[in-house]
Every structure is written in structure tokens, then in C-alpha cells.
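K.L.:
Just dropping this structure here.
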Amino acid sequence: MRRPGFRLARRRAGRAVRALHPLKIADAVRRGFAFRRAMDEFERLPDAAEAPEELLARLVHGWGNELMSAMPGYLDASLKELRAARGDVLECGSGLSTILLGVLAGRTGKRIWSLEHDGRWARRMRAEIRRRDIRGVEIVHAPLRDYGAFSWYDPPLERLPARFSLVLCDGPPGDTPGGRYGMLPAMRGRLGGGCVILLDDLHRPAEREIAARWARELGGTCEVRGTGKPHAVIVAP
Ligand SMILES: C[S@@+](CC[C@H](N)C(=O)[O-])C[C@H]1O[C@@H](n2cnc3c(N)ncnc32)[C@H](O)[C@@H]1O
């Protein structure tokens with residue numbers, strides 16, 4: 001009988017071989033080129049929060065991770081909320097959003113603290129940010145931890161700011177026990193008055209429930225915006 005380690009190695013080798021398929025390589029090269037061009041355009045905009053939807057769509061396509069990355073509507077809302085934010089920003093789940101927000105934050109002297117549970121993805125994101133010389137972001141590796149009633153990131157609280165004025169929630173992944181709910185109990189003491197929370201993926205019943213629960217527990221307001229893949233905007237009192 002074959003050991004589980006052997007099966008895993010075979011599956012990984014299979015994935016690596018499939019990734020080397022010439023059509024896949026050509027697609028990755030095309031997307032990489034499209035992403036660099038779209039990023040150049042984005043960085044040239046006088047106000048990154050006014051990026052046209054068509055440019056955001058090209059950035060999403062070029063980033064090449066449509067199943068996981070934020071969509072243009074959420075990216076646009078995040079950029080506009082970042083422009084309006086008065087203080088530090090917490091992001092849960094890094095990716096394309098982190099890069100775009102980092103460009104705007106770097107220009108406006110704001111800072112984004114992006115929690116990432118996956119160590120490999122955190123390293124890749126840090127490399128991407130260094131390569132593009134993006135100044136406004138700190139990728140914080142925070143593995144998931146069991147809090148009892150839910151699991152959520154285990155952030156190094158001593159390294160994080162005392163107050164956040166904006167929280168962008170696009171992680172942890174949906175199969176985490178309790179989903180994204182843990183943000184409120186784990187970070188409540190760090191949310192300033194009037195703090196704005198954006199929660200992505202409101203097409204999912206779990207996220208709709210979490211948005212309503214956060215608003216109830218905070219005594220704040222909750223508004224659902226966007227169509228297709230909407231997001232919630234929750235405002236603390
Ligand atoms: C919904 S994604 C966050 C997406 C991010 N806000 C963006 O705009 O790209 C949540 C998590 O999925 C993981 N993830 C995203 N893209 C990934 C990829 N291409 N490979 C592996 N993990 C990925 C990361 O751990 C991330 O924190």
C-alpha cells in the first residue's frame with residue numbers, strides 16, 4: 001500500500017507538470033504583461049481612488065487569480081474608503097487589494113496592516129511589495145488560532161496600532177470555523193469610534209449573517225452595496 005506522503009508528492013508533481021503546459025505558460029506570460037501595463041497606468045493616476053472600473057478589471061485579470069482575488073467593485077470601495085480614512089487600516093487577507101491600497105496609502109502617508117495566515121503567501125506578497133517599492137503596507141504573518149467559539153488570525157497585537165479607523169475583511173478563507181466573524185471579538189478593543197468595516201462576498205449567506213451580527217453587536221449600521229458580488233459597509237457608532 002502506498003503511503004500518504006507518496007500520494008501527496010505524486011499530486012504535487014502532477015500539478016507542477018500541468019502548470020508547465022505550454023498554453024498555461026503562454027497565458028501566465030500574457031497576464032503578467034497585462035498586469036505590469038495596468039499597474040503602470042494605475043500608478044500614473046493622479047488619484048488612485050478614482051481608478052476606472054475597466055482598469056480595475058484589467059488589474060484583476062492580469063493578477064491572474066480571479067477565484068481568490070477581490071473584484072473591481074470591492075477594490076473600488078476599498079480605495080475610496082482608504083482615501084476617506086483618518087487613521088490606520090487593518091486588512092484581513094492579502095492579495096491584489098493589498099498592492100493597490102498600498103500604492104494609495106504610500107502617497108497619502110497612511111498605513112495598512114495586512115494580516116495573512118499563509119506563510120508562503122505572506123512571503124510572496126512581501127516580495128511583490130518590495131519589488132514594486134510600495135511603501136504604505138506591512139504584511140503581518142498571523143497564523144489562524146482556535147479561540148474556542150471560532151478560529152481567526154493570531155495577530156502580534158503588540159506590533160499593531162492602538163486604533164484602526166478602517167477594516168477591510170476579505171479573509172480568512174470561508175472554510176475557517178466561524179468564517180470571518182472572529183474579527184470583531186478579537187479586534188474590538190482596537191476599533192476606533194466611527195470605524196468603518198468593509199466585508200466582501202455578501203452573495204454568501206455566511207457573510208450576510210456575519211455582517212448583520214457585527215452591526216448588532218457594535219450597535220452600528222450595516223448597508224449592502226453592489227450587485228453580483230456585493231459587499232457590506234458596517235459603521236461603528
Ligand atoms: C479572498 S483571499 C484575499 C484576497 C485579497 N483581498 C485580494 O484582493 O487578492 C483570502 C486568502 O486567500 C489566500 N490566497 C489568495 N490568493 C491566493 C493564491 N493565488 N494562492 C494561494 N493562496 C491565496 C490568502 O491566504 C488570502 O489571505
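Identifiers for the C-alpha cells are assigned positionally: chains receive A, B, ... in sequence, residues are indexed from 1 per chain, and ligands are indexed from 1 in the order shown.
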Name all residues at most 8 Å from region 87-103 of chain A (count only C-alpha atoms; drop same-chain ones fewer than 4 positions away) and give them as a PDB file with N, CA, C and O atoms, in the first residue's frame.
P.N.:
ATOM      1  N   GLU A  43      -0.564  53.458 -11.345  1.00  0.00           N
ATOM      2  CA  GLU A  43       0.380  54.290 -10.573  1.00  0.00           C
ATOM      3  C   GLU A  43       0.503  55.699 -11.146  1.00  0.00           C
ATOM      4  O   GLU A  43       0.899  56.609 -10.435  1.00  0.00           O
ATOM      5  N   ALA A  48      -5.574  57.565  -7.108  1.00  0.00           N
ATOM      6  CA  ALA A  48      -5.778  56.114  -7.295  1.00  0.00           C
ATOM      7  C   ALA A  48      -7.184  55.678  -6.909  1.00  0.00           C
ATOM      8  O   ALA A  48      -7.684  54.666  -7.395  1.00  0.00           O
ATOM      9  N   VAL A  60      -7.408  42.909 -12.198  1.00  0.00           N
ATOM     10  CA  VAL A  60      -7.888  41.623 -11.678  1.00  0.00           C
ATOM     11  C   VAL A  60      -7.495  40.503 -12.646  1.00  0.00           C
ATOM     12  O   VAL A  60      -6.972  39.462 -12.242  1.00  0.00           O
ATOM     13  N   TRP A  63      -3.622  39.991 -12.645  1.00  0.00           N
ATOM     14  CA  TRP A  63      -3.167  39.363 -11.387  1.00  0.00           C
ATOM     15  C   TRP A  63      -3.343  37.849 -11.483  1.00  0.00           C
ATOM     16  O   TRP A  63      -2.590  37.068 -10.896  1.00  0.00           O
ATOM     17  N   SER A  69      -9.076  36.537  -5.726  1.00  0.00           N
ATOM     18  CA  SER A  69      -8.846  37.972  -5.513  1.00  0.00           C
ATOM     19  C   SER A  69     -10.161  38.749  -5.483  1.00  0.00           C
ATOM     20  O   SER A  69     -11.199  38.290  -5.940  1.00  0.00           O
ATOM     21  N   ALA A  70     -10.076  39.954  -4.894  1.00  0.00           N
ATOM     22  CA  ALA A  70     -11.233  40.844  -4.837  1.00  0.00           C
ATOM     23  C   ALA A  70     -11.617  41.254  -6.254  1.00  0.00           C
ATOM     24  O   ALA A  70     -10.788  41.266  -7.159  1.00  0.00           O
ATOM     25  N   LEU A  75     -12.718  46.451  -4.792  1.00  0.00           N
ATOM     26  CA  LEU A  75     -11.459  47.202  -4.851  1.00  0.00           C
ATOM     27  C   LEU A  75     -11.743  48.703  -4.894  1.00  0.00           C
ATOM     28  O   LEU A  75     -11.116  49.489  -4.178  1.00  0.00           O
ATOM     29  N   SER A  78     -12.913  49.860  -1.495  1.00  0.00           N
ATOM     30  CA  SER A  78     -11.799  49.870  -0.533  1.00  0.00           C
ATOM     31  C   SER A  78     -10.913  51.100  -0.755  1.00  0.00           C
ATOM     32  O   SER A  78     -10.494  51.750   0.203  1.00  0.00           O
ATOM     33  N   LEU A  79     -10.631  51.404  -2.028  1.00  0.00           N
ATOM     34  CA  LEU A  79      -9.771  52.554  -2.327  1.00  0.00           C
ATOM     35  C   LEU A  79     -10.438  53.859  -1.864  1.00  0.00           C
ATOM     36  O   LEU A  79      -9.788  54.732  -1.293  1.00  0.00           O
ATOM     37  N   LEU A  82     -10.342  54.064   1.869  1.00  0.00           N
ATOM     38  CA  LEU A  82      -8.978  54.356   2.321  1.00  0.00           C
ATOM     39  C   LEU A  82      -8.703  55.859   2.192  1.00  0.00           C
ATOM     40  O   LEU A  82      -8.116  56.474   3.078  1.00  0.00           O
ATOM     41  N   ARG A 107       1.137  57.127  -0.862  1.00  0.00           N
ATOM     42  CA  ARG A 107       1.086  58.514  -1.331  1.00  0.00           C
ATOM     43  C   ARG A 107       0.459  59.445  -0.313  1.00  0.00           C
ATOM     44  O   ARG A 107       0.693  60.644  -0.341  1.00  0.00           O
ATOM     45  N   LYS A 110      -0.680  57.103   4.767  1.00  0.00           N
ATOM     46  CA  LYS A 110      -1.446  56.185   5.618  1.00  0.00           C
ATOM     47  C   LYS A 110      -0.730  54.840   5.668  1.00  0.00           C
ATOM     48  O   LYS A 110       0.206  54.592   4.914  1.00  0.00           O
ATOM     49  N   ARG A 111      -1.200  53.989   6.587  1.00  0.00           N
ATOM     50  CA  ARG A 111      -0.528  52.694   6.730  1.00  0.00           C
ATOM     51  C   ARG A 111      -1.551  51.572   6.780  1.00  0.00           C
ATOM     52  O   ARG A 111      -2.568  51.672   7.479  1.00  0.00           O
ATOM     53  N   ILE A 112      -1.271  50.505   6.032  1.00  0.00           N
ATOM     54  CA  ILE A 112      -2.154  49.337   6.017  1.00  0.00           C
ATOM     55  C   ILE A 112      -1.431  48.177   6.675  1.00  0.00           C
ATOM     56  O   ILE A 112      -0.285  47.862   6.322  1.00  0.00           O
ATOM     57  N   TRP A 113      -2.106  47.548   7.614  1.00  0.00           N
ATOM     58  CA  TRP A 113      -1.570  46.368   8.300  1.00  0.00           C
ATOM     59  C   TRP A 113      -2.366  45.189   7.767  1.00  0.00           C
ATOM     60  O   TRP A 113      -3.558  45.060   8.061  1.00  0.00           O
ATOM     61  N   SER A 114      -1.736  44.357   6.958  1.00  0.00           N
ATOM     62  CA  SER A 114      -2.468  43.298   6.266  1.00  0.00           C
ATOM     63  C   SER A 114      -2.165  41.941   6.902  1.00  0.00           C
ATOM     64  O   SER A 114      -1.036  41.434   6.815  1.00  0.00           O
ATOM     65  N   LEU A 115      -3.179  41.351   7.544  1.00  0.00           N
ATOM     66  CA  LEU A 115      -2.988  40.050   8.195  1.00  0.00           C
ATOM     67  C   LEU A 115      -3.051  38.939   7.152  1.00  0.00           C
ATOM     68  O   LEU A 115      -3.952  38.912   6.319  1.00  0.00           O
ATOM     69  N   GLU A 116      -2.079  38.037   7.208  1.00  0.00           N
ATOM     70  CA  GLU A 116      -2.044  36.919   6.271  1.00  0.00           C
ATOM     71  C   GLU A 116      -1.720  35.635   7.037  1.00  0.00           C
ATOM     72  O   GLU A 116      -0.699  35.556   7.698  1.00  0.00           O
ATOM     73  N   HIS A 117      -2.619  34.641   6.930  1.00  0.00           N
ATOM     74  CA  HIS A 117      -2.414  33.419   7.712  1.00  0.00           C
ATOM     75  C   HIS A 117      -1.421  32.461   7.059  1.00  0.00           C
ATOM     76  O   HIS A 117      -0.787  31.662   7.727  1.00  0.00           O
ATOM     77  N   ALA A 122       2.306  35.049   2.403  1.00  0.00           N
ATOM     78  CA  ALA A 122       2.827  36.275   3.028  1.00  0.00           C
ATOM     79  C   ALA A 122       4.197  36.610   2.435  1.00  0.00           C
ATOM     80  O   ALA A 122       4.483  37.768   2.112  1.00  0.00           O
ATOM     81  N   MET A 125       3.730  37.924  -1.073  1.00  0.00           N
ATOM     82  CA  MET A 125       3.194  39.284  -1.065  1.00  0.00           C
ATOM     83  C   MET A 125       4.280  40.303  -0.670  1.00  0.00           C
ATOM     84  O   MET A 125       4.373  41.372  -1.259  1.00  0.00           O
ATOM     85  N   ILE A 129       5.596  43.442  -2.948  1.00  0.00           N
ATOM     86  CA  ILE A 129       5.548  44.804  -2.440  1.00  0.00           C
ATOM     87  C   ILE A 129       6.929  45.467  -2.488  1.00  0.00           C
ATOM     88  O   ILE A 129       7.071  46.629  -2.847  1.00  0.00           O
ATOM     89  N   ILE A 134       6.426  49.580  -2.903  1.00  0.00           N
ATOM     90  CA  ILE A 134       5.175  50.085  -2.323  1.00  0.00           C
ATOM     91  C   ILE A 134       5.427  50.331  -0.833  1.00  0.00           C
ATOM     92  O   ILE A 134       5.873  49.440  -0.116  1.00  0.00           O
ATOM     93  N   ARG A 135       5.147  51.576  -0.406  1.00  0.00           N
ATOM     94  CA  ARG A 135       5.599  51.989   0.924  1.00  0.00           C
ATOM     95  C   ARG A 135       4.556  51.882   2.031  1.00  0.00           C
ATOM     96  O   ARG A 135       4.889  51.917   3.200  1.00  0.00           O
ATOM     97  N   GLY A 136       3.248  51.829   1.654  1.00  0.00           N
ATOM     98  CA  GLY A 136       2.210  52.009   2.669  1.00  0.00           C
ATOM     99  C   GLY A 136       1.683  50.733   3.310  1.00  0.00           C
ATOM    100  O   GLY A 136       0.638  50.778   3.955  1.00  0.00           O
ATOM    101  N   VAL A 137       2.394  49.603   3.162  1.00  0.00           N
ATOM    102  CA  VAL A 137       1.831  48.334   3.640  1.00  0.00           C
ATOM    103  C   VAL A 137       2.799  47.547   4.502  1.00  0.00           C
ATOM    104  O   VAL A 137       3.994  47.481   4.207  1.00  0.00           O
ATOM    105  N   ILE A 139       2.892  43.595   5.670  1.00  0.00           N
ATOM    106  CA  ILE A 139       2.252  42.270   5.648  1.00  0.00           C
ATOM    107  C   ILE A 139       2.592  41.591   6.976  1.00  0.00           C
ATOM    108  O   ILE A 139       3.771  41.405   7.304  1.00  0.00           O
ATOM    109  N   PRO A 161      -1.164  49.002  15.638  1.00  0.00           N
ATOM    110  CA  PRO A 161      -1.590  50.278  16.218  1.00  0.00           C
ATOM    111  C   PRO A 161      -2.702  50.099  17.257  1.00  0.00           C
ATOM    112  O   PRO A 161      -3.430  49.098  17.227  1.00  0.00           O
ATOM    113  N   ARG A 163      -5.392  51.895  17.512  1.00  0.00           N
ATOM    114  CA  ARG A 163      -6.710  52.157  16.929  1.00  0.00           C
ATOM    115  C   ARG A 163      -6.674  52.027  15.420  1.00  0.00           C
ATOM    116  O   ARG A 163      -5.743  52.516  14.783  1.00  0.00           O
ATOM    117  N   PHE A 164      -7.724  51.396  14.888  1.00  0.00           N
ATOM    118  CA  PHE A 164      -7.887  51.355  13.424  1.00  0.00           C
ATOM    119  C   PHE A 164      -9.128  52.153  13.078  1.00  0.00           C
ATOM    120  O   PHE A 164     -10.139  52.098  13.797  1.00  0.00           O
ATOM    121  N   SER A 165      -9.066  52.881  11.970  1.00  0.00           N
ATOM    122  CA  SER A 165     -10.269  53.616  11.570  1.00  0.00           C
ATOM    123  C   SER A 165     -10.972  52.938  10.395  1.00  0.00           C
ATOM    124  O   SER A 165     -12.090  53.304  10.049  1.00  0.00           O
ATOM    125  N   LEU A 166     -10.298  51.960   9.775  1.00  0.00           N
ATOM    126  CA  LEU A 166     -10.913  51.233   8.652  1.00  0.00           C
ATOM    127  C   LEU A 166     -10.455  49.776   8.722  1.00  0.00           C
ATOM    128  O   LEU A 166      -9.276  49.503   8.960  1.00  0.00           O
ATOM    129  N   VAL A 167     -11.407  48.852   8.540  1.00  0.00           N
ATOM    130  CA  VAL A 167     -11.069  47.419   8.498  1.00  0.00           C
ATOM    131  C   VAL A 167     -11.625  46.832   7.206  1.00  0.00           C
ATOM    132  O   VAL A 167     -12.811  47.025   6.892  1.00  0.00           O
ATOM    133  N   LEU A 168     -10.770  46.146   6.445  1.00  0.00           N
ATOM    134  CA  LEU A 168     -11.173  45.543   5.170  1.00  0.00           C
ATOM    135  C   LEU A 168     -11.113  44.037   5.318  1.00  0.00           C
ATOM    136  O   LEU A 168     -10.032  43.482   5.539  1.00  0.00           O
ATOM    137  N   CYS A 169     -12.267  43.374   5.254  1.00  0.00           N
ATOM    138  CA  CYS A 169     -12.311  41.937   5.546  1.00  0.00           C
ATOM    139  C   CYS A 169     -12.574  41.111   4.299  1.00  0.00           C
ATOM    140  O   CYS A 169     -13.691  41.082   3.783  1.00  0.00           O
ATOM    141  N   ASP A 170     -11.526  40.421   3.836  1.00  0.00           N
ATOM    142  CA  ASP A 170     -11.654  39.519   2.698  1.00  0.00           C
ATOM    143  C   ASP A 170     -10.977  38.200   3.061  1.00  0.00           C
ATOM    144  O   ASP A 170     -10.544  37.448   2.217  1.00  0.00           O
ATOM    145  N   GLY A 171     -10.823  37.917   4.330  1.00  0.00           N
ATOM    146  CA  GLY A 171     -10.210  36.712   4.841  1.00  0.00           C
ATOM    147  C   GLY A 171     -10.546  36.616   6.314  1.00  0.00           C
ATOM    148  O   GLY A 171     -11.111  37.566   6.871  1.00  0.00           O
ATOM    149  N   PRO A 172     -10.306  35.503   7.004  1.00  0.00           N
ATOM    150  CA  PRO A 172      -9.640  34.316   6.459  1.00  0.00           C
ATOM    151  C   PRO A 172     -10.567  33.530   5.529  1.00  0.00           C
ATOM    152  O   PRO A 172     -11.741  33.880   5.403  1.00  0.00           O
TER     153      PRO A 172
END
K.L.:
Let me make sure I understand: among A:Leu20, A:Ala57, A:Cys195, A:Ala38, which one has the smallest atom-to-atom distance to ligand 1 if we use only C-alpha atoms and all ligand atoms?
P.N.:
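Residue with the minimum atom-to-atom distance to ligand 1: A:Ala57.
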K.L.:
Identify all residues of region 60-178 of chain A in strand (DSSP E or B) (DSSP on the backbone) and supply them as a list in words.
P.N.:
Val89, Leu90, Glu91, Cys92, Ile112, Trp113, Ser114, Leu115, Glu116, Val137, Glu138, Ile139, Val140, His141, Leu144, Arg145, Asp146, Ser151, Trp152, Tyr153, Phe164, Ser165, Leu166, Val167, Leu168 and Cys169 of chain A
K.L.:
Work out how far CA of Arg126 (chain A) is from CA of Gly189 (chain A), in Å to one decimal.
P.N.:
27.5 Å
K.L.:
Could you jot down the CA of Gly178 (chain A) to CA of Met71 (chain A) separation for me, Å, one decimal place?
P.N.:
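It comes out at 23.2 Å.
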K.L.:
Name all residues at most 12 Å from Ala77 (chain A) (count only C-alpha atoms; drop same-chain ones fewer than 4 positions away) and give them as number ranges by chain.
P.N.:
A: 48-53, 56, 70-73, 81-84, 97, 100-101, 166, 168, 196-200, 224-226, 230-233
K.L.:
Could the residues in this selection be saved with C-alpha atoms as an mmCIF file, in the first residue's frame?
P.N.:
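Result file follows (out-v4.cif):
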data_model
loop_
_atom_site.group_PDB
_atom_site.id
_atom_site.type_symbol
_atom_site.label_atom_id
_atom_site.label_comp_id
_atom_site.auth_asym_id
_atom_site.auth_seq_id
_atom_site.Cartn_x
_atom_site.Cartn_y
_atom_site.Cartn_z
ATOM 1 C CA ALA A 48 -5.778 56.114 -7.295
ATOM 2 C CA ALA A 49 -9.199 56.090 -5.596
ATOM 3 C CA GLU A 50 -10.697 57.220 -8.922
ATOM 4 C CA ALA A 51 -9.375 54.253 -10.918
ATOM 5 C CA PRO A 52 -11.911 53.450 -13.678
ATOM 6 C CA GLU A 53 -13.709 50.117 -13.345
ATOM 7 C CA LEU A 56 -9.540 47.594 -12.124
ATOM 8 C CA ALA A 70 -11.233 40.844 -4.837
ATOM 9 C CA MET A 71 -13.379 42.042 -7.758
ATOM 10 C CA PRO A 72 -13.448 45.606 -9.178
ATOM 11 C CA GLY A 73 -16.478 46.701 -7.087
ATOM 12 C CA GLU A 81 -12.773 54.244 1.991
ATOM 13 C CA LEU A 82 -8.978 54.356 2.321
ATOM 14 C CA ARG A 83 -8.920 57.878 0.885
ATOM 15 C CA ALA A 84 -11.578 58.931 3.450
ATOM 16 C CA SER A 97 -6.199 44.606 -2.876
ATOM 17 C CA LEU A 100 -3.466 48.704 -4.908
ATOM 18 C CA LEU A 101 -4.272 50.016 -1.427
ATOM 19 C CA LEU A 166 -10.913 51.233 8.652
ATOM 20 C CA LEU A 168 -11.173 45.543 5.170
ATOM 21 C CA VAL A 196 -15.757 51.631 9.007
ATOM 22 C CA ILE A 197 -15.702 47.895 8.251
ATOM 23 C CA LEU A 198 -15.938 46.560 4.687
ATOM 24 C CA LEU A 199 -16.890 42.897 4.378
ATOM 25 C CA ASP A 200 -16.610 41.264 0.952
ATOM 26 C CA VAL A 224 -25.114 46.253 1.481
ATOM 27 C CA ARG A 225 -23.641 47.773 -1.693
ATOM 28 C CA GLY A 226 -23.013 46.482 -5.187
ATOM 29 C CA PRO A 230 -21.867 42.788 -3.180
ATOM 30 C CA HIS A 231 -20.074 43.880 -0.013
ATOM 31 C CA ALA A 232 -21.276 45.257 3.319
ATOM 32 C CA VAL A 233 -20.314 48.571 4.874
#
K.L.:
Hey, can you check how far atom 3 (C, counted along the ligand's line) of ligand 1 sits from CA of Glu41 (chain A)?
P.N.:
22.8 Å
K.L.:
Which residue is closest to ligand 1? Choose from A:Leu45, A:Ala13, A:Val140, A:Leu8 and count only C-alpha atoms and all ligand atoms.
P.N.:
A:Val140
K.L.:
Kindly indicate which residue among A:Asn65, A:Thr227, A:Thr108, A:Thr176 lies nearest to ligand 1, using only C-alpha atoms and all ligand atoms for the distances.
P.N.:
A:Asn65
K.L.:
I'd like the neighbourhood of region 145-156 of chain A as a PyMOL selection string, where a residue qualifies if any of its atoms comes within 6 Å (using only C-alpha atoms), though same-chain residues fewer than 3 positions away should be ignored.
P.N.:
chain A and resi 142+159+177-178+182
K.L.:
As a PyMOL selection string, please: all residues of region 53-233 of chain A that backbone DSSP puts in alpha helix (DSSP H).
P.N.:
chain A and resi 53-63+72-84+96-108+119-131+183-187+205-218
K.L.:
Next, write the just-selected residues to a file, as a PDB file, in the first residue's frame, keeping C-alpha atoms as the atom set.
P.N.:
ATOM      1  CA  GLU A  53     -13.709  50.117 -13.345  1.00  0.00           C
ATOM      2  CA  GLU A  54     -12.263  49.000 -16.682  1.00  0.00           C
ATOM      3  CA  LEU A  55      -8.691  49.464 -15.347  1.00  0.00           C
ATOM      4  CA  LEU A  56      -9.540  47.594 -12.124  1.00  0.00           C
ATOM      5  CA  ALA A  57     -10.966  44.760 -14.254  1.00  0.00           C
ATOM      6  CA  ARG A  58      -7.678  44.568 -16.212  1.00  0.00           C
ATOM      7  CA  LEU A  59      -5.718  44.500 -12.937  1.00  0.00           C
ATOM      8  CA  VAL A  60      -7.888  41.623 -11.678  1.00  0.00           C
ATOM      9  CA  HIS A  61      -7.392  39.708 -14.946  1.00  0.00           C
ATOM     10  CA  GLY A  62      -3.637  40.351 -15.036  1.00  0.00           C
ATOM     11  CA  TRP A  63      -3.167  39.363 -11.387  1.00  0.00           C
ATOM     12  CA  PRO A  72     -13.448  45.606  -9.178  1.00  0.00           C
ATOM     13  CA  GLY A  73     -16.478  46.701  -7.087  1.00  0.00           C
ATOM     14  CA  TYR A  74     -14.847  45.806  -3.767  1.00  0.00           C
ATOM     15  CA  LEU A  75     -11.459  47.202  -4.851  1.00  0.00           C
ATOM     16  CA  ASP A  76     -13.099  50.500  -5.834  1.00  0.00           C
ATOM     17  CA  ALA A  77     -14.982  50.709  -2.498  1.00  0.00           C
ATOM     18  CA  SER A  78     -11.799  49.870  -0.533  1.00  0.00           C
ATOM     19  CA  LEU A  79      -9.771  52.554  -2.327  1.00  0.00           C
ATOM     20  CA  LYS A  80     -12.458  55.194  -1.695  1.00  0.00           C
ATOM     21  CA  GLU A  81     -12.773  54.244   1.991  1.00  0.00           C
ATOM     22  CA  LEU A  82      -8.978  54.356   2.321  1.00  0.00           C
ATOM     23  CA  ARG A  83      -8.920  57.878   0.885  1.00  0.00           C
ATOM     24  CA  ALA A  84     -11.578  58.931   3.450  1.00  0.00           C
ATOM     25  CA  LEU A  96      -4.255  42.279  -5.203  1.00  0.00           C
ATOM     26  CA  SER A  97      -6.199  44.606  -2.876  1.00  0.00           C
ATOM     27  CA  THR A  98      -3.073  44.978  -0.699  1.00  0.00           C
ATOM     28  CA  ILE A  99      -0.964  46.130  -3.639  1.00  0.00           C
ATOM     29  CA  LEU A 100      -3.466  48.704  -4.908  1.00  0.00           C
ATOM     30  CA  LEU A 101      -4.272  50.016  -1.427  1.00  0.00           C
ATOM     31  CA  GLY A 102      -0.557  50.153  -0.624  1.00  0.00           C
ATOM     32  CA  VAL A 103       0.084  52.452  -3.600  1.00  0.00           C
ATOM     33  CA  LEU A 104      -2.587  54.905  -2.404  1.00  0.00           C
ATOM     34  CA  ALA A 105      -1.571  54.609   1.276  1.00  0.00           C
ATOM     35  CA  GLY A 106       2.073  55.292   0.421  1.00  0.00           C
ATOM     36  CA  ARG A 107       1.086  58.514  -1.331  1.00  0.00           C
ATOM     37  CA  THR A 108      -1.180  59.760   1.440  1.00  0.00           C
ATOM     38  CA  GLY A 119       3.267  31.938   5.473  1.00  0.00           C
ATOM     39  CA  ARG A 120       4.093  31.165   1.830  1.00  0.00           C
ATOM     40  CA  TRP A 121       1.559  33.678   0.519  1.00  0.00           C
ATOM     41  CA  ALA A 122       2.827  36.275   3.028  1.00  0.00           C
ATOM     42  CA  ARG A 123       6.383  35.839   1.680  1.00  0.00           C
ATOM     43  CA  ARG A 124       5.162  36.141  -1.901  1.00  0.00           C
ATOM     44  CA  MET A 125       3.194  39.284  -1.065  1.00  0.00           C
ATOM     45  CA  ARG A 126       6.187  40.848   0.725  1.00  0.00           C
ATOM     46  CA  ALA A 127       8.390  40.147  -2.308  1.00  0.00           C
ATOM     47  CA  GLU A 128       5.781  41.718  -4.625  1.00  0.00           C
ATOM     48  CA  ILE A 129       5.548  44.804  -2.440  1.00  0.00           C
ATOM     49  CA  ARG A 130       9.338  45.191  -2.246  1.00  0.00           C
ATOM     50  CA  ARG A 131       9.708  44.718  -5.997  1.00  0.00           C
ATOM     51  CA  MET A 183     -12.543  39.956  13.593  1.00  0.00           C
ATOM     52  CA  LEU A 184     -14.979  41.684  15.947  1.00  0.00           C
ATOM     53  CA  PRO A 185     -14.322  39.840  19.217  1.00  0.00           C
ATOM     54  CA  ALA A 186     -10.564  39.636  18.540  1.00  0.00           C
ATOM     55  CA  MET A 187     -10.063  43.287  17.493  1.00  0.00           C
ATOM     56  CA  PRO A 205     -25.266  33.554   3.343  1.00  0.00           C
ATOM     57  CA  ALA A 206     -22.443  33.178   5.927  1.00  0.00           C
ATOM     58  CA  GLU A 207     -21.093  36.672   5.173  1.00  0.00           C
ATOM     59  CA  ARG A 208     -24.622  38.182   5.261  1.00  0.00           C
ATOM     60  CA  GLU A 209     -25.089  36.679   8.718  1.00  0.00           C
ATOM     61  CA  ILE A 210     -21.699  37.955   9.924  1.00  0.00           C
ATOM     62  CA  ALA A 211     -22.380  41.494   8.656  1.00  0.00           C
ATOM     63  CA  ALA A 212     -25.735  41.619  10.482  1.00  0.00           C
ATOM     64  CA  ARG A 213     -24.183  40.163  13.649  1.00  0.00           C
ATOM     65  CA  TRP A 214     -21.291  42.669  13.675  1.00  0.00           C
ATOM     66  CA  ALA A 215     -23.695  45.593  13.222  1.00  0.00           C
ATOM     67  CA  ARG A 216     -25.909  44.249  16.030  1.00  0.00           C
ATOM     68  CA  GLU A 217     -23.017  43.650  18.423  1.00  0.00           C
ATOM     69  CA  LEU A 218     -21.461  47.036  17.663  1.00  0.00           C
TER      70      LEU A 218
END
